[in-house]
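*Asks:* Once you've had a glance at the structure underneath, I'll fire off some questions.
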Amino acid sequence: MNKTGFERGTRRQLRIHVLPTKRFKTFAISLYVGTPLREETVTRVGLTPFVLRRGTESYPQTIQFREQLEQLYGAGFGFDVYKRGDYQIVQFRMDTINDSFVNSSDSLLDRSFAFLGEVLTKPALENGAFQTGYVQQERENVRKKLESIVNDKIRYAGERCMEEMCKNEPYRLHPLGQRSDLDRIDAQGLYQAYGEWLNNASMDLYVVGDTTLEEVEKFVDRYFQLNRSEEKGYAPEQPKAVERDVQTVVERLDVNQGKLNMGLRTPITYGDDRYATALMYNGILGGYPHSKLFVNVREKESLAYYASSRYDGHKGIGTIQSGIEIPNYEKAVTIIRKQLEDTQNGAITELEMTQTQAMIRNLLKEMQDSAFEMIAYDFNRQLSGKERTVDELLSQVEAVKVKDVQDAARTFRLDTIYFLRDQKGE
């Protein structure tokens with residue numbers, strides 16, 4: 001039974017999800033294209049959308065491409081490349097004004113789908129492959145993005161902690177790929193890989209706005225020139241236990257402030273009935289300004305410039321990130337571990353519970369005011385195979401007790417301690 005309000009269909013082996021509503025003045029369109037994270041394909045997949053956004057068959061020059069968006073009354077177009085669990089996701093987005101708010105002789109939604117379909121399936125070519133100039137330019141663009149990570153030490157420390165923690169797993173890979181692969185990618189090879197990507201990826205098209213499933217299906221038939229052999233789905237894996245002692249990795253760079261990151265593993269994922277308890281655990285540990293890490297590590301002990309935690313429910317991984325004075329490393333590790341132990345021992349106040357529930361409630365309710373947030377939430381269903389409405393998740397969060405959070409905390413096992421420090425000292 002469909003409880004989300006999205007109407008669902010399939011065309012050209014592409015799943016379609018439409019939420020008909022008159023609430024918004026625009027149409028929100030998201031196309032998710034997902035493939036397993038693999039070392040041999042991650043860089044080519046990461047580079048592909050950068051090349052696709054340079055030009056199409058009808059608008060081969062980038063300036064023509066951008067002018068066409070202006071012709072659509074300034075429609076927004078963009079993309080992201082990221083990972084969800086062990087999948088690499090390319091998300092294309094369009095934000096198009098509803099026809100009823102402009103004086104247009106033809107359907108802007110129709111024209112938007114014509115544009116998006118051409119971006120995906122009819123790129124600008126030369127000699128039967130991508131344009132060499134575009135590939136070379138975007139290759140350098142991706143290289144600069146990957147190289148820039150080291151300049152953002154907070155982000156760098158987070159990436160390195162995951163690389164060390166998941167060194168034998170696909171999750172270690174950056175969604176944009178590896179710099180060492182870029183020089184080996186040429187226009188012909190990338191175009192061939194693009195064809196394989198189109199045929200083998202999981203595809204989910206979302207539309208929120210004043211339209212119908214039937215109308216969107218017609219647009220897909222008309223504008224998405226896909227010849228896919230079968231519909232591809234996601235296969236979420238249960239997290240595998242990694243039996244080992246906590247590993248400590250210390251890396252030295254030219255930094256003034258230490259970055260202390262920790263990685264934890266849990267069997268609780270988005271598809272688990274205990275997902276709400278894991279959300280509560282993360283919120284109480286370090287997700288919000290009232291959380292244990294913020295109050296005890298940053299405020300009371302003045303040990304950290306920042307201290308927080310995150311939870312990836314598609315991978316079953318929790319992370320702690322903090323910025324500390326380098327000599328405070330041992331003390332910071334000790335007090336952070338105490339916060340982990342306290343939650344495992346049930347040292348959780350009713351105030352921490354009610355404040356965390358209130359924060360999650362506000363986030364879930366705010367989500368209903370954004371078409372793209374509603375889409376992102378529903379896409380979790382595709383990735384995990386678990387259908388859970390926002391109202392259902394909210395009810396589950398509000399039903400969580402201290403003992404439930406304690407039980408969840410005991411499933412989060414510390415795996416890796418990563419410390420980025422200066423070149424000096426022992």
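For the structure tokens, the naming scheme is as follows: chains receive sequential letters (A, B, ...) according to their order of presentation, residues are indexed from 1 within each chain, and ligands are indexed from 1 in presentation order.
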Can you pull out the residues contacting A:Met367? Cut-off 12 Å, using only C-alpha atoms, and skip same-chain residues under 4 positions away; I want them as a PyMOL selection string.
*Replies:* chain A and resi 360-363+371-378+389-391+394
*Asks:* Run DSSP on the backbone and tell me which residues of stretch 108-251 of chain A come out as strand (DSSP E or B); list them as a ChimeraX atom specification.
*Replies:* /A:123,125-126,129-130,202-209,247-251
*Asks:* Got time to write the residues from that selection, C-alpha atoms, as an mmCIF file, in the first residue's frame?
*Replies:*
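As a result, result30.cif now contains:
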data_model
loop_
_atom_site.group_PDB
_atom_site.id
_atom_site.type_symbol
_atom_site.label_atom_id
_atom_site.label_comp_id
_atom_site.auth_asym_id
_atom_site.auth_seq_id
_atom_site.Cartn_x
_atom_site.Cartn_y
_atom_site.Cartn_z
ATOM 1 C CA PRO A 123 25.208 14.942 -25.206
ATOM 2 C CA LEU A 125 29.589 14.832 -29.519
ATOM 3 C CA GLU A 126 32.454 14.990 -32.007
ATOM 4 C CA ALA A 129 32.495 10.516 -28.773
ATOM 5 C CA PHE A 130 32.416 13.288 -26.185
ATOM 6 C CA SER A 202 19.558 2.354 -11.196
ATOM 7 C CA MET A 203 17.356 5.302 -12.232
ATOM 8 C CA ASP A 204 14.661 7.078 -10.263
ATOM 9 C CA LEU A 205 12.881 10.150 -11.598
ATOM 10 C CA TYR A 206 10.966 12.327 -9.130
ATOM 11 C CA VAL A 207 8.549 15.169 -9.860
ATOM 12 C CA VAL A 208 6.699 17.259 -7.285
ATOM 13 C CA GLY A 209 4.194 19.804 -8.578
ATOM 14 C CA GLN A 247 42.843 1.230 15.423
ATOM 15 C CA THR A 248 44.563 4.571 15.919
ATOM 16 C CA VAL A 249 45.935 6.498 12.949
ATOM 17 C CA VAL A 250 48.029 9.654 13.391
ATOM 18 C CA GLU A 251 48.800 11.789 10.345
#
*Asks:* Residues of stretch 291-407 of chain A in alpha helix (DSSP H) according to DSSP, as a PyMOL selection string?
*Replies:* chain A and resi 292+329-344+350-367+371-384+390-398+402-407
*Asks:* Counting only C-alpha atoms, which residue out of A:Phe379, A:Phe92, A:Tyr156, A:Phe50 sits closest to A:Arg15?
*Replies:*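 Ranking A:Phe379, A:Phe92, A:Tyr156, A:Phe50 by distance to A:Arg15, first place goes to A:Phe379.
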*Asks:* Atom CA of A:Arg93 and atom CA of A:Glu147 are how many Å apart?
*Replies:* 25.8 Å
*Asks:* Hey, what's within 8 Å of A:Leu213 if we count only C-alpha atoms and toss same-chain stuff fewer than 6 positions away? As a PyMOL selection string, please?
*Replies:* chain A and resi 7-9+16-18+20
*Asks:* Would you compute the distance between atom CA of A:Ala75 and atom CA of A:Lys22? Give it in Å to one decimal.
*Replies:* 18.4 Å
*Asks:* I'd like the contact shell of A:Leu226 - 7 Å cut-off, only C-alpha atoms, skipping same-chain residues fewer than 2 positions apart - returned as a PyMOL selection string.
*Replies:* chain A and resi 12+121+224+228
*Asks:* Between A:Ala241, A:Leu198, A:Leu47, A:Leu285, which residue has the minimum interatomic distance to A:Asn227, considering only C-alpha atoms?
*Replies:*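 Under the stated criterion, the closest residue is A:Leu198.
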*Asks:* So, counting only C-alpha atoms, which residue among A:Thr21, A:Thr48, A:Asn380, A:Gln91 is closest to A:Asn141?
*Replies:*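 Closest residue, counting only C-alpha atoms: A:Thr48.
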*Asks:* Would you kindly return, as a compact mmCIF listing (two decimals) with N, CA and C atoms, in the first residue's frame, each protein, DNA or RNA residue with an atom no farther than 7 Å from any atom of A:Thr266, considering only C-alpha atoms and excluding same-chain residues fewer than 2 positions away?
*Replies:*
# COMPACT_ATOMS: atom_id res chain seq x y z
N LEU A 264 32.65 4.86 14.11
CA LEU A 264 31.98 3.79 14.84
C LEU A 264 31.12 2.97 13.87
N ILE A 268 22.65 -1.09 12.84
CA ILE A 268 21.37 -0.41 12.61
C ILE A 268 21.48 0.47 11.37
N GLY A 316 25.51 2.30 8.12
CA GLY A 316 25.66 1.79 9.47
C GLY A 316 26.96 2.27 10.09
N ILE A 317 27.24 3.57 9.89
CA ILE A 317 28.47 4.16 10.42
C ILE A 317 28.14 5.46 11.15
N THR A 411 25.17 -0.80 20.36
CA THR A 411 25.48 -1.37 19.04
C THR A 411 26.52 -0.54 18.30
N PHE A 412 26.76 0.70 18.73
CA PHE A 412 27.75 1.55 18.08
C PHE A 412 29.13 1.25 18.69
N ARG A 413 29.96 0.56 17.92
CA ARG A 413 31.26 0.13 18.42
C ARG A 413 32.37 0.98 17.81
*Asks:* Hey, which of A:Asp415, A:Glu352, A:Glu366, A:Asp95 ends up closest to A:Gly286? Count only C-alpha atoms.
*Replies:*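 Among the listed residues, the smallest separation from A:Gly286 belongs to A:Glu352.
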*Asks:* Need to verify the contact set: A:Arg184, 12 Å, only C-alpha atoms, exclusion of same-chain residues closer than 6 positions in sequence. Can you return it as a ChimeraX atom specification?
*Replies:* /A:40,43-44,135-136,139,178,190
*Asks:* Please determine, counting only C-alpha atoms, which residue among A:Thr35, A:Gln339, A:Gln225, A:Asn151 has the shortest atom-to-atom distance to A:Asp86.
*Replies:*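 Answer, going by the shortest atom-to-atom distance: A:Thr35.
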*Asks:* Excluding A:Ser309 and residues on its chain fewer than 5 positions from it, collect all residues at most 9 Å away from it, counting only C-alpha atoms, and give them as a list in words.
*Replies:* Asn282, Gly283, Leu285, Gly286, Gly287, Tyr288, Leu293, Gly318, Thr319, Ile320, Gln321 and Ser322 of chain A
*Asks:* From the options A:Phe24, A:Gly271, A:Phe79, A:Arg54, which residue's atoms come nearest to A:Arg381, counting only C-alpha atoms?
*Replies:*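 Smallest separation from A:Arg381 among the options: A:Gly271.
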